[in-house]
file protein_32.csv (CSV, C-alpha atoms)
chain,number,residue,atom,x,y,z
A,430,ILE,CA,98.6,88.8,102.1
A,431,GLN,CA,101.0,86.2,100.7
A,432,MET,CA,103.7,87.3,98.3
A,433,THR,CA,105.2,84.7,95.9
A,434,GLN,CA,108.4,85.4,94.0
A,435,SER,CA,109.6,83.6,91.0
A,436,PRO,CA,112.1,82.2,90.4
A,437,SER,CA,113.6,81.3,93.7
A,438,THR,CA,117.1,81.2,92.2
A,439,LEU,CA,118.2,82.8,88.9
A,440,SER,CA,121.5,82.0,87.2
A,441,ALA,CA,122.7,84.8,85.0
A,442,SER,CA,125.8,86.5,83.4
A,443,VAL,CA,127.1,90.0,83.4
A,444,GLY,CA,125.2,92.0,80.8
A,445,ASP,CA,122.0,89.8,80.9
A,446,ARG,CA,118.6,91.3,81.2
A,447,VAL,CA,117.0,89.9,84.4
A,448,THR,CA,113.3,89.8,85.4
A,449,ILE,CA,111.9,88.8,88.8
A,450,THR,CA,108.2,88.4,89.3
A,451,CYS,CA,106.2,88.9,92.5
A,452,ARG,CA,102.6,87.9,92.8
A,453,ALA,CA,100.3,88.9,95.7
A,454,SER,CA,97.4,86.7,97.0
A,455,GLN,CA,95.2,89.8,96.8
A,456,SER,CA,95.5,93.3,95.4
A,457,VAL,CA,98.0,95.5,97.0
A,458,GLY,CA,97.4,98.4,94.6
A,459,ALA,CA,100.8,100.0,93.9
A,460,TRP,CA,102.0,99.6,97.5
A,461,LEU,CA,105.0,97.4,96.7
A,462,ALA,CA,108.7,97.8,97.2
A,463,TRP,CA,111.8,95.9,96.0
A,464,TYR,CA,114.9,95.3,98.1
A,465,GLN,CA,118.4,94.0,97.4
A,466,GLN,CA,120.2,92.2,100.2
A,467,LYS,CA,123.8,91.0,100.3
A,468,PRO,CA,125.3,88.7,102.9
A,469,GLY,CA,126.0,90.5,106.2
A,470,LYS,CA,124.3,93.7,105.1
A,471,ALA,CA,121.0,95.3,105.8
A,472,PRO,CA,118.5,95.3,102.9
A,473,LYS,CA,118.7,98.2,100.5
A,474,LEU,CA,115.6,99.8,99.0
A,475,LEU,CA,115.6,99.8,95.2
A,476,ILE,CA,112.0,100.6,94.2
A,477,TYR,CA,108.9,101.9,96.1
A,478,LYS,CA,105.3,102.4,95.1
A,479,ALA,CA,105.8,99.7,92.5
A,480,SER,CA,107.9,101.8,90.0
A,481,SER,CA,109.6,104.7,91.8
A,482,LEU,CA,113.3,104.4,91.8
A,483,ASP,CA,114.9,105.2,95.2
A,484,SER,CA,117.5,108.0,95.3
A,485,GLY,CA,120.9,106.8,94.2
A,486,VAL,CA,119.7,103.5,92.7
A,487,PRO,CA,121.1,102.9,89.2
A,488,SER,CA,118.7,103.4,86.3
A,489,ARG,CA,119.3,99.8,85.1
A,490,PHE,CA,116.8,98.8,87.9
A,491,SER,CA,113.1,99.3,87.1
A,492,GLY,CA,109.8,98.2,88.6
A,493,SER,CA,106.4,97.7,87.1
A,494,GLY,CA,103.0,96.3,87.8
A,495,SER,CA,99.9,96.9,90.0
A,496,GLY,CA,97.3,94.9,91.8
A,497,THR,CA,98.6,91.4,92.2
A,498,GLU,CA,101.5,91.1,89.7
A,499,PHE,CA,104.8,93.0,89.8
A,500,THR,CA,108.1,92.8,88.1
A,501,LEU,CA,111.6,93.9,88.9
A,502,THR,CA,113.9,94.2,85.9
A,503,ILE,CA,117.6,94.7,85.7
A,504,SER,CA,118.4,95.8,82.2
A,505,SER,CA,122.0,94.8,82.1
A,506,LEU,CA,123.3,92.8,85.1
A,507,GLN,CA,126.5,94.1,86.7
A,508,PRO,CA,128.9,92.3,89.0
A,509,ASP,CA,127.6,94.3,92.0
A,510,ASP,CA,124.0,93.0,91.3
A,511,PHE,CA,124.6,89.4,92.4
A,512,ALA,CA,122.5,89.3,95.6
A,513,THR,CA,119.1,88.3,96.9
A,514,TYR,CA,116.0,90.4,96.0
A,515,TYR,CA,112.8,90.7,98.0
A,516,CYS,CA,109.4,92.2,97.2
A,517,HIS,CA,107.6,93.8,100.1
A,518,GLN,CA,103.9,94.8,100.1
A,519,TYR,CA,102.6,97.5,102.4
A,520,ASN,CA,99.0,97.7,101.6
A,521,GLY,CA,97.8,95.8,104.6
A,522,LEU,CA,99.7,93.9,107.3
A,523,ARG,CA,103.1,93.9,105.7
A,524,THR,CA,104.8,90.9,104.2
A,525,PHE,CA,107.8,90.0,102.2
A,526,GLY,CA,108.3,87.6,99.3
A,527,GLN,CA,110.5,84.6,100.0
A,528,GLY,CA,113.4,86.1,98.0
A,529,THR,CA,115.1,85.5,94.7
A,530,ARG,CA,118.8,84.7,94.7
A,531,VAL,CA,120.6,86.0,91.6
A,532,GLU,CA,123.8,84.1,91.1
A,533,ILE,CA,126.5,83.7,88.5
B,900,GLU,CA,122.5,111.7,108.8
B,901,VAL,CA,120.0,109.1,109.8
B,902,GLN,CA,121.2,106.4,112.1
B,903,VAL,CA,119.4,103.3,113.5
B,904,LEU,CA,121.0,101.2,116.2
B,905,GLU,CA,119.6,98.0,117.7
B,906,SER,CA,120.6,96.4,120.9
B,907,GLY,CA,119.5,93.7,123.4
B,908,GLY,CA,120.1,90.5,121.4
B,909,GLY,CA,121.6,87.4,122.9
B,910,LEU,CA,121.1,83.7,123.8
B,911,VAL,CA,117.9,82.8,125.6
B,912,GLN,CA,116.3,79.5,126.5
B,913,PRO,CA,113.0,78.3,124.9
B,914,GLY,CA,110.1,79.9,126.8
B,915,GLY,CA,112.3,82.8,127.9
B,916,SER,CA,112.0,86.6,127.3
B,917,LEU,CA,114.1,89.3,125.8
B,918,ARG,CA,113.7,93.0,125.1
B,919,LEU,CA,115.2,94.6,122.1
B,920,SER,CA,115.8,98.3,121.9
B,921,CYS,CA,116.3,100.5,118.8
B,922,VAL,CA,117.6,104.1,119.0
B,923,ALA,CA,117.1,106.3,115.9
B,924,SER,CA,118.5,109.7,115.1
B,925,GLY,CA,118.8,112.2,112.3
B,926,PHE,CA,115.0,112.6,111.7
B,927,THR,CA,111.9,113.6,113.6
B,928,PHE,CA,111.3,110.3,115.2
B,929,GLU,CA,107.7,110.9,116.4
B,930,ASN,CA,106.6,111.5,112.9
B,931,TYR,CA,107.4,108.0,111.5
B,932,GLY,CA,106.3,104.5,112.0
B,933,MET,CA,108.9,102.1,113.1
B,934,HIS,CA,109.2,98.4,112.3
B,935,TRP,CA,111.0,95.2,113.3
B,936,VAL,CA,112.0,92.8,110.5
B,937,ARG,CA,113.9,89.5,111.0
B,938,LEU,CA,116.1,87.3,108.9
B,939,ALA,CA,116.2,83.7,110.1
B,940,PRO,CA,119.1,81.4,109.1
B,941,GLY,CA,118.5,79.9,105.7
B,942,ARG,CA,115.3,81.8,105.3
B,943,GLY,CA,114.1,85.1,103.9
B,944,LEU,CA,113.1,88.4,105.4
B,945,GLU,CA,110.0,88.4,107.7
B,946,TRP,CA,108.2,91.5,108.8
B,947,VAL,CA,107.5,91.1,112.5
B,948,SER,CA,105.9,94.2,114.0
B,949,ALA,CA,105.2,97.9,113.6
B,950,ILE,CA,104.2,100.9,115.6
B,951,GLY,CA,102.7,104.2,114.4
B,952,HIS,CA,101.2,106.9,116.5
B,953,GLY,CA,100.1,104.5,119.2
B,954,ASP,CA,98.7,101.9,116.8
B,955,THR,CA,100.6,98.6,116.8
B,956,TYR,CA,100.7,95.7,114.3
B,957,TYR,CA,102.0,92.2,114.5
B,958,ALA,CA,102.7,89.2,112.2
B,959,ASP,CA,100.6,86.2,112.9
B,960,SER,CA,103.7,84.3,114.0
B,961,VAL,CA,104.4,86.6,116.9
B,962,THR,CA,100.9,87.9,117.9
B,963,GLY,CA,100.3,87.4,121.6
B,964,ARG,CA,104.0,86.8,122.4
B,965,PHE,CA,105.7,90.0,121.2
B,966,THR,CA,104.8,93.6,122.2
B,967,ILE,CA,106.1,96.7,120.4
B,968,SER,CA,106.3,100.1,122.1
B,969,ARG,CA,108.0,103.4,121.6
B,970,ASP,CA,109.3,106.3,123.7
B,971,ASN,CA,109.4,109.4,121.5
B,972,SER,CA,111.3,111.4,124.2
B,973,GLN,CA,114.2,108.9,123.9
B,974,ASN,CA,113.8,108.3,120.1
B,975,THR,CA,113.6,104.6,121.0
B,976,VAL,CA,111.4,101.7,119.9
B,977,TYR,CA,111.3,98.5,121.9
B,978,LEU,CA,110.3,94.9,121.1
B,979,GLN,CA,109.4,92.8,124.2
B,980,MET,CA,109.6,89.1,123.2
B,981,ASN,CA,108.0,86.5,125.5
B,982,SER,CA,107.5,82.8,125.2
B,983,LEU,CA,110.4,82.6,122.7
B,984,ARG,CA,110.7,79.6,120.4
B,985,ALA,CA,113.6,78.1,118.5
B,986,GLU,CA,112.0,79.4,115.3
B,987,ASP,CA,112.4,83.0,116.6
B,988,THR,CA,116.1,82.6,116.2
B,989,ALA,CA,117.1,85.3,113.8
B,990,LEU,CA,118.8,88.6,113.1
B,991,TYR,CA,116.4,91.3,114.1
B,992,TYR,CA,116.4,94.6,112.2
B,993,CYS,CA,114.8,97.9,113.2
B,994,ALA,CA,113.8,99.9,110.2
B,995,THR,CA,111.6,102.8,109.1
B,996,LEU,CA,110.3,101.2,105.8
B,997,PRO,CA,108.4,103.0,103.0
B,998,GLY,CA,104.8,104.1,103.8
B,999,ARG,CA,101.7,105.2,102.0
B,1000,ALA,CA,101.8,108.8,103.2
B,1001,PRO,CA,103.6,111.2,100.8
B,1002,GLY,CA,106.1,112.1,103.5
B,1003,ASP,CA,107.4,108.6,104.0
B,1004,ALA,CA,107.1,107.2,100.5
B,1005,GLY,CA,110.7,106.3,100.2
B,1006,PHE,CA,111.7,106.8,103.8
B,1007,ASP,CA,113.7,103.7,104.4
B,1008,TYR,CA,116.5,103.3,106.9
B,1009,TRP,CA,117.7,100.1,108.6
B,1010,GLY,CA,120.0,99.3,111.5
B,1011,GLN,CA,122.6,96.5,111.2
B,1012,GLY,CA,120.5,94.2,113.3
B,1013,THR,CA,120.9,92.3,116.6
B,1014,VAL,CA,121.0,88.5,116.8
B,1015,ILE,CA,118.6,86.5,118.9
B,1016,THR,CA,119.4,82.8,119.5
B,1017,VAL,CA,116.7,80.7,121.2
B,1018,SER,CA,118.3,77.4,122.4
B,1019,SER,CA,118.7,75.3,125.4

call {"tool": "encode", "arguments": {"input": "protein_32.csv", "output": "structure tokens"}}
result
Amino acid sequence: IQMTQSPSTLSASVGDRVTITCRASQSVGAWLAWYQQKPGKAPKLLIYKASSLDSGVPSRFSGSGSGTEFTLTISSLQPDDFATYYCHQYNGLRTFGQGTRVEI
Amino acid sequence: EVQVLESGGGLVQPGGSLRLSCVASGFTFENYGMHWVRLAPGRGLEWVSAIGHGDTYYADSVTGRFTISRDNSQNTVYLQMNSLRAEDTALYYCATLPGRAPGDAGFDYWGQGTVITVSS
């Protein structure tokens, strides 16, 4: 299953509402996660099962969608949120999207 | 506290072999699937392989060259990598990853990774 994220790079400012889209080449149901990764660090789980917020993740992060189209939304971008974000499907053989870099 | 620690990385020539190890603690190891994920320079995350209760899975890019195994008595998962190519150069992470069973819905722990460089 191919996962395609858009955009590849996103330029934004603190306080902006940010939306990242992930499209699957076939249905993955709700078996989709979102990760945040910063340079030199392991990925951090934000969202699992499409819309469930992982423990300790700020409520400004939210996920939605099912089937083949999913969205990660950051309601008000904070300085700590500048990072690369990946979607990850786990309905079949697992795959990641190519990543979305959120920059200033 | 859950801990995941990879080892075994290094420099290897094209066509060579290497075995990665990953020791986990802080949870009932035998109850969870374990994964290897890699991050190549200038590229994104790539899921590589997984092992459940004896069932194994591989990305197309490594099928036939990599073999995953586990020793539940040692809380350890291994990745035997043969016929290595330059494109296998990456930081290799060991991780639990979320699953579809209720017990591992958000069960997500990663090590800090081990670097593999394939070069002559």

call {"tool": "closest_atom_pairs", "arguments": {"input": "protein_32.csv", "of": "chain A", "to": "chain B", "cutoff": "10 Å", "atoms": "all atoms listed in the file", "output": "JSON lines"}}
result
{"residue": "A:Ala459", "atom": "CA", "partner": "B:Arg999", "partner_atom": "CA", "distance": 9.7}
{"residue": "A:Trp460", "atom": "CA", "partner": "B:Arg999", "partner_atom": "CA", "distance": 7.2}
{"residue": "A:Leu461", "atom": "CA", "partner": "B:Pro997", "partner_atom": "CA", "distance": 9.1}
{"residue": "A:Ala462", "atom": "CA", "partner": "B:Pro997", "partner_atom": "CA", "distance": 7.8}
{"residue": "A:Gln466", "atom": "CA", "partner": "B:Leu944", "partner_atom": "CA", "distance": 9.6}
{"residue": "A:Gly469", "atom": "CA", "partner": "B:Gln1011", "partner_atom": "CA", "distance": 8.5}
{"residue": "A:Lys470", "atom": "CA", "partner": "B:Gln1011", "partner_atom": "CA", "distance": 6.9}
{"residue": "A:Ala471", "atom": "CA", "partner": "B:Gln1011", "partner_atom": "CA", "distance": 5.8}
{"residue": "A:Pro472", "atom": "CA", "partner": "B:Trp1009", "partner_atom": "CA", "distance": 7.5}
{"residue": "A:Lys473", "atom": "CA", "partner": "B:Trp1009", "partner_atom": "CA", "distance": 8.4}
{"residue": "A:Leu474", "atom": "CA", "partner": "B:Asp1007", "partner_atom": "CA", "distance": 6.9}
{"residue": "A:Leu475", "atom": "CA", "partner": "B:Gly1005", "partner_atom": "CA", "distance": 9.6}
{"residue": "A:Ile476", "atom": "CA", "partner": "B:Gly1005", "partner_atom": "CA", "distance": 8.4}
{"residue": "A:Tyr477", "atom": "CA", "partner": "B:Gly1005", "partner_atom": "CA", "distance": 6.3}
{"residue": "A:Lys478", "atom": "CA", "partner": "B:Ala1004", "partner_atom": "CA", "distance": 7.4}
{"residue": "A:Ser481", "atom": "CA", "partner": "B:Gly1005", "partner_atom": "CA", "distance": 8.6}
{"residue": "A:Leu482", "atom": "CA", "partner": "B:Gly1005", "partner_atom": "CA", "distance": 9.0}
{"residue": "A:Asp483", "atom": "CA", "partner": "B:Gly1005", "partner_atom": "CA", "distance": 6.6}
{"residue": "A:Ser484", "atom": "CA", "partner": "B:Gly1005", "partner_atom": "CA", "distance": 8.6}
{"residue": "A:Thr513", "atom": "CA", "partner": "B:Gly943", "partner_atom": "CA", "distance": 9.2}
{"residue": "A:Tyr514", "atom": "CA", "partner": "B:Gly943", "partner_atom": "CA", "distance": 9.7}
{"residue": "A:Tyr515", "atom": "CA", "partner": "B:Leu944", "partner_atom": "CA", "distance": 7.8}
{"residue": "A:Cys516", "atom": "CA", "partner": "B:Leu944", "partner_atom": "CA", "distance": 9.8}
{"residue": "A:His517", "atom": "CA", "partner": "B:Trp946", "partner_atom": "CA", "distance": 9.0}
{"residue": "A:Gln518", "atom": "CA", "partner": "B:Pro997", "partner_atom": "CA", "distance": 9.8}
{"residue": "A:Tyr519", "atom": "CA", "partner": "B:Gly998", "partner_atom": "CA", "distance": 7.1}
{"residue": "A:Asn520", "atom": "CA", "partner": "B:Arg999", "partner_atom": "CA", "distance": 8.0}
{"residue": "A:Leu522", "atom": "CA", "partner": "B:Tyr956", "partner_atom": "CA", "distance": 7.3}
{"residue": "A:Arg523", "atom": "CA", "partner": "B:Trp946", "partner_atom": "CA", "distance": 6.4}
{"residue": "A:Thr524", "atom": "CA", "partner": "B:Trp946", "partner_atom": "CA", "distance": 5.8}
{"residue": "A:Phe525", "atom": "CA", "partner": "B:Glu945", "partner_atom": "CA", "distance": 6.1}
{"residue": "A:Gly526", "atom": "CA", "partner": "B:Leu944", "partner_atom": "CA", "distance": 7.8}
{"residue": "A:Gln527", "atom": "CA", "partner": "B:Gly943", "partner_atom": "CA", "distance": 5.3}
{"residue": "A:Gly528", "atom": "CA", "partner": "B:Gly943", "partner_atom": "CA", "distance": 6.0}
{"residue": "A:Thr529", "atom": "CA", "partner": "B:Gly943", "partner_atom": "CA", "distance": 9.3}

call {"tool": "residues_around", "arguments": {"input": "protein_32.csv", "residues": "segment 902-906 of chain B", "least_positions_apart": "2", "cutoff": "7 Å", "atoms": "only C-alpha atoms", "output": "list in words"}}
result
Glu900, Gly908, Leu919, Ser920, Cys921, Val922, Ala923, Ser924, Gly925, Cys993, Trp1009, Gly1010, Gly1012 and Thr1013 of chain B

call {"tool": "residues_around", "arguments": {"input": "protein_32.csv", "residues": "Ser491 of chain A", "least_positions_apart": "2", "cutoff": "8 Å", "atoms": "only C-alpha atoms", "output": "VMD selection string"}}
result
chain A and resid 476 480 to 482 488 to 489 493 501 to 503

call {"tool": "axis_aligned_box", "arguments": {"input": "protein_32.csv", "around": "segment 948-951 of chain B", "padding_each_side": "6 Å", "output": "lines of an AutoDock Vina configuration file"}}
result
center_x = 104.3
center_y = 99.2
center_z = 114.6
size_x = 15.2
size_y = 22.0
size_z = 14.0

call {"tool": "residues_around", "arguments": {"input": "protein_32.csv", "residues": "segment 978-991 of chain B", "least_positions_apart": "6", "cutoff": "6 Å", "atoms": "only C-alpha atoms", "output": "CSV table (one decimal) with C-alpha atoms, keeping the file's coordinate frame"}}
result
chain,number,residue,atom,x,y,z
B,913,PRO,CA,113.0,78.3,124.9
B,914,GLY,CA,110.1,79.9,126.8
B,915,GLY,CA,112.3,82.8,127.9
B,916,SER,CA,112.0,86.6,127.3
B,917,LEU,CA,114.1,89.3,125.8
B,918,ARG,CA,113.7,93.0,125.1
B,919,LEU,CA,115.2,94.6,122.1
B,936,VAL,CA,112.0,92.8,110.5
B,937,ARG,CA,113.9,89.5,111.0
B,938,LEU,CA,116.1,87.3,108.9
B,939,ALA,CA,116.2,83.7,110.1
B,964,ARG,CA,104.0,86.8,122.4
B,965,PHE,CA,105.7,90.0,121.2
B,966,THR,CA,104.8,93.6,122.2
B,967,ILE,CA,106.1,96.7,120.4
B,1012,GLY,CA,120.5,94.2,113.3
B,1013,THR,CA,120.9,92.3,116.6
B,1014,VAL,CA,121.0,88.5,116.8
B,1015,ILE,CA,118.6,86.5,118.9
B,1016,THR,CA,119.4,82.8,119.5
B,1017,VAL,CA,116.7,80.7,121.2

call {"tool": "atom_distance", "arguments": {"input": "protein_32.csv", "atom1": "atom CA of Phe499 of chain A", "atom2": "atom CA of Met933 of chain B"}}
result
25.3 Å

call {"tool": "atom_distance", "arguments": {"input": "protein_32.csv", "atom1": "atom CA of Asn930 of chain B", "atom2": "atom CA of Gly521 of chain A"}}
result
19.8 Å

call {"tool": "residues_around", "arguments": {"input": "protein_32.csv", "residues": "segment 437-443 of chain A", "least_positions_apart": "6", "cutoff": "6 Å", "atoms": "all atoms listed in the file", "output": "PyMOL selection string"}}
result
chain A and resi 506-507+529-533

call {"tool": "atom_distance", "arguments": {"input": "protein_32.csv", "atom1": "atom CA of Val911 of chain B", "atom2": "atom CA of Ile950 of chain B"}}
result
24.8 Å

call {"tool": "build_atoms", "arguments": {"input": "protein_32.csv", "residues": "segment 909-934 of chain B", "atoms": "N, CA, C and O atoms", "output": "PDB file, in the coordinates of the input"}}
result
ATOM      1  N   GLY B 909     120.813  88.318 122.117  1.00  0.00           N
ATOM      2  CA  GLY B 909     121.600  87.400 122.900  1.00  0.00           C
ATOM      3  C   GLY B 909     121.028  85.976 122.840  1.00  0.00           C
ATOM      4  O   GLY B 909     120.147  85.686 122.020  1.00  0.00           O
ATOM      5  N   LEU B 910     121.545  85.125 123.715  1.00  0.00           N
ATOM      6  CA  LEU B 910     121.100  83.700 123.800  1.00  0.00           C
ATOM      7  C   LEU B 910     120.055  83.589 124.893  1.00  0.00           C
ATOM      8  O   LEU B 910     120.256  84.068 126.015  1.00  0.00           O
ATOM      9  N   VAL B 911     118.942  82.959 124.574  1.00  0.00           N
ATOM     10  CA  VAL B 911     117.900  82.800 125.600  1.00  0.00           C
ATOM     11  C   VAL B 911     117.291  81.375 125.396  1.00  0.00           C
ATOM     12  O   VAL B 911     117.266  80.825 124.292  1.00  0.00           O
ATOM     13  N   GLN B 912     116.840  80.812 126.490  1.00  0.00           N
ATOM     14  CA  GLN B 912     116.300  79.500 126.500  1.00  0.00           C
ATOM     15  C   GLN B 912     114.838  79.509 125.916  1.00  0.00           C
ATOM     16  O   GLN B 912     114.145  80.536 126.040  1.00  0.00           O
ATOM     17  N   PRO B 913     114.396  78.404 125.324  1.00  0.00           N
ATOM     18  CA  PRO B 913     113.000  78.300 124.900  1.00  0.00           C
ATOM     19  C   PRO B 913     112.057  78.663 126.031  1.00  0.00           C
ATOM     20  O   PRO B 913     112.259  78.200 127.164  1.00  0.00           O
ATOM     21  N   GLY B 914     111.038  79.475 125.737  1.00  0.00           N
ATOM     22  CA  GLY B 914     110.100  79.900 126.800  1.00  0.00           C
ATOM     23  C   GLY B 914     110.526  81.184 127.465  1.00  0.00           C
ATOM     24  O   GLY B 914     109.742  81.757 128.229  1.00  0.00           O
ATOM     25  N   GLY B 915     111.741  81.618 127.217  1.00  0.00           N
ATOM     26  CA  GLY B 915     112.300  82.800 127.900  1.00  0.00           C
ATOM     27  C   GLY B 915     111.820  84.104 127.230  1.00  0.00           C
ATOM     28  O   GLY B 915     111.040  84.112 126.266  1.00  0.00           O
ATOM     29  N   SER B 916     112.328  85.210 127.772  1.00  0.00           N
ATOM     30  CA  SER B 916     112.000  86.600 127.300  1.00  0.00           C
ATOM     31  C   SER B 916     113.212  87.375 127.043  1.00  0.00           C
ATOM     32  O   SER B 916     114.291  87.107 127.596  1.00  0.00           O
ATOM     33  N   LEU B 917     113.015  88.375 126.203  1.00  0.00           N
ATOM     34  CA  LEU B 917     114.100  89.300 125.800  1.00  0.00           C
ATOM     35  C   LEU B 917     113.468  90.580 125.385  1.00  0.00           C
ATOM     36  O   LEU B 917     112.366  90.574 124.812  1.00  0.00           O
ATOM     37  N   ARG B 918     114.147  91.697 125.631  1.00  0.00           N
ATOM     38  CA  ARG B 918     113.700  93.000 125.100  1.00  0.00           C
ATOM     39  C   ARG B 918     114.713  93.615 124.235  1.00  0.00           C
ATOM     40  O   ARG B 918     115.844  93.828 124.668  1.00  0.00           O
ATOM     41  N   LEU B 919     114.319  93.905 123.012  1.00  0.00           N
ATOM     42  CA  LEU B 919     115.200  94.600 122.100  1.00  0.00           C
ATOM     43  C   LEU B 919     114.910  96.098 122.144  1.00  0.00           C
ATOM     44  O   LEU B 919     113.775  96.515 122.372  1.00  0.00           O
ATOM     45  N   SER B 920     115.962  96.890 121.927  1.00  0.00           N
ATOM     46  CA  SER B 920     115.800  98.300 121.900  1.00  0.00           C
ATOM     47  C   SER B 920     116.384  98.821 120.525  1.00  0.00           C
ATOM     48  O   SER B 920     117.287  98.200 119.956  1.00  0.00           O
ATOM     49  N   CYS B 921     115.847  99.932 120.066  1.00  0.00           N
ATOM     50  CA  CYS B 921     116.300 100.500 118.800  1.00  0.00           C
ATOM     51  C   CYS B 921     116.284 102.040 118.981  1.00  0.00           C
ATOM     52  O   CYS B 921     115.221 102.626 119.218  1.00  0.00           O
ATOM     53  N   VAL B 922     117.460 102.654 118.891  1.00  0.00           N
ATOM     54  CA  VAL B 922     117.600 104.100 119.000  1.00  0.00           C
ATOM     55  C   VAL B 922     117.795 104.673 117.601  1.00  0.00           C
ATOM     56  O   VAL B 922     118.680 104.202 116.874  1.00  0.00           O
ATOM     57  N   ALA B 923     116.998 105.682 117.252  1.00  0.00           N
ATOM     58  CA  ALA B 923     117.100 106.300 115.900  1.00  0.00           C
ATOM     59  C   ALA B 923     117.464 107.786 116.092  1.00  0.00           C
ATOM     60  O   ALA B 923     117.110 108.416 117.099  1.00  0.00           O
ATOM     61  N   SER B 924     118.157 108.322 115.105  1.00  0.00           N
ATOM     62  CA  SER B 924     118.500 109.700 115.100  1.00  0.00           C
ATOM     63  C   SER B 924     118.606 110.256 113.696  1.00  0.00           C
ATOM     64  O   SER B 924     118.656 109.477 112.736  1.00  0.00           O
ATOM     65  N   GLY B 925     118.609 111.588 113.579  1.00  0.00           N
ATOM     66  CA  GLY B 925     118.800 112.200 112.300  1.00  0.00           C
ATOM     67  C   GLY B 925     117.444 112.497 111.573  1.00  0.00           C
ATOM     68  O   GLY B 925     117.450 112.950 110.424  1.00  0.00           O
ATOM     69  N   PHE B 926     116.325 112.224 112.233  1.00  0.00           N
ATOM     70  CA  PHE B 926     115.000 112.600 111.700  1.00  0.00           C
ATOM     71  C   PHE B 926     114.058 112.788 112.854  1.00  0.00           C
ATOM     72  O   PHE B 926     114.368 112.462 113.993  1.00  0.00           O
ATOM     73  N   THR B 927     112.894 113.358 112.565  1.00  0.00           N
ATOM     74  CA  THR B 927     111.900 113.600 113.600  1.00  0.00           C
ATOM     75  C   THR B 927     111.184 112.328 113.931  1.00  0.00           C
ATOM     76  O   THR B 927     110.187 111.948 113.293  1.00  0.00           O
ATOM     77  N   PHE B 928     111.703 111.647 114.925  1.00  0.00           N
ATOM     78  CA  PHE B 928     111.300 110.300 115.200  1.00  0.00           C
ATOM     79  C   PHE B 928     109.811 110.109 115.400  1.00  0.00           C
ATOM     80  O   PHE B 928     109.224 109.163 114.884  1.00  0.00           O
ATOM     81  N   GLU B 929     109.168 111.032 116.100  1.00  0.00           N
ATOM     82  CA  GLU B 929     107.700 110.900 116.400  1.00  0.00           C
ATOM     83  C   GLU B 929     106.849 110.910 115.201  1.00  0.00           C
ATOM     84  O   GLU B 929     105.691 110.502 115.260  1.00  0.00           O
ATOM     85  N   ASN B 930     107.373 111.374 114.087  1.00  0.00           N
ATOM     86  CA  ASN B 930     106.600 111.500 112.900  1.00  0.00           C
ATOM     87  C   ASN B 930     106.493 110.237 112.034  1.00  0.00           C
ATOM     88  O   ASN B 930     105.757 110.191 111.042  1.00  0.00           O
ATOM     89  N   TYR B 931     107.253 109.227 112.397  1.00  0.00           N
ATOM     90  CA  TYR B 931     107.400 108.000 111.500  1.00  0.00           C
ATOM     91  C   TYR B 931     107.051 106.746 112.259  1.00  0.00           C
ATOM     92  O   TYR B 931     107.378 106.570 113.442  1.00  0.00           O
ATOM     93  N   GLY B 932     106.452 105.854 111.507  1.00  0.00           N
ATOM     94  CA  GLY B 932     106.300 104.500 112.000  1.00  0.00           C
ATOM     95  C   GLY B 932     107.599 103.781 112.053  1.00  0.00           C
ATOM     96  O   GLY B 932     108.518 104.085 111.278  1.00  0.00           O
ATOM     97  N   MET B 933     107.716 102.841 112.961  1.00  0.00           N
ATOM     98  CA  MET B 933     108.900 102.100 113.100  1.00  0.00           C
ATOM     99  C   MET B 933     108.583 100.578 113.069  1.00  0.00           C
ATOM    100  O   MET B 933     107.510 100.164 113.533  1.00  0.00           O
ATOM    101  N   HIS B 934     109.498  99.802 112.509  1.00  0.00           N
ATOM    102  CA  HIS B 934     109.200  98.400 112.300  1.00  0.00           C
ATOM    103  C   HIS B 934     110.363  97.514 112.776  1.00  0.00           C
ATOM    104  O   HIS B 934     111.511  97.950 112.873  1.00  0.00           O
TER     105      HIS B 934
END
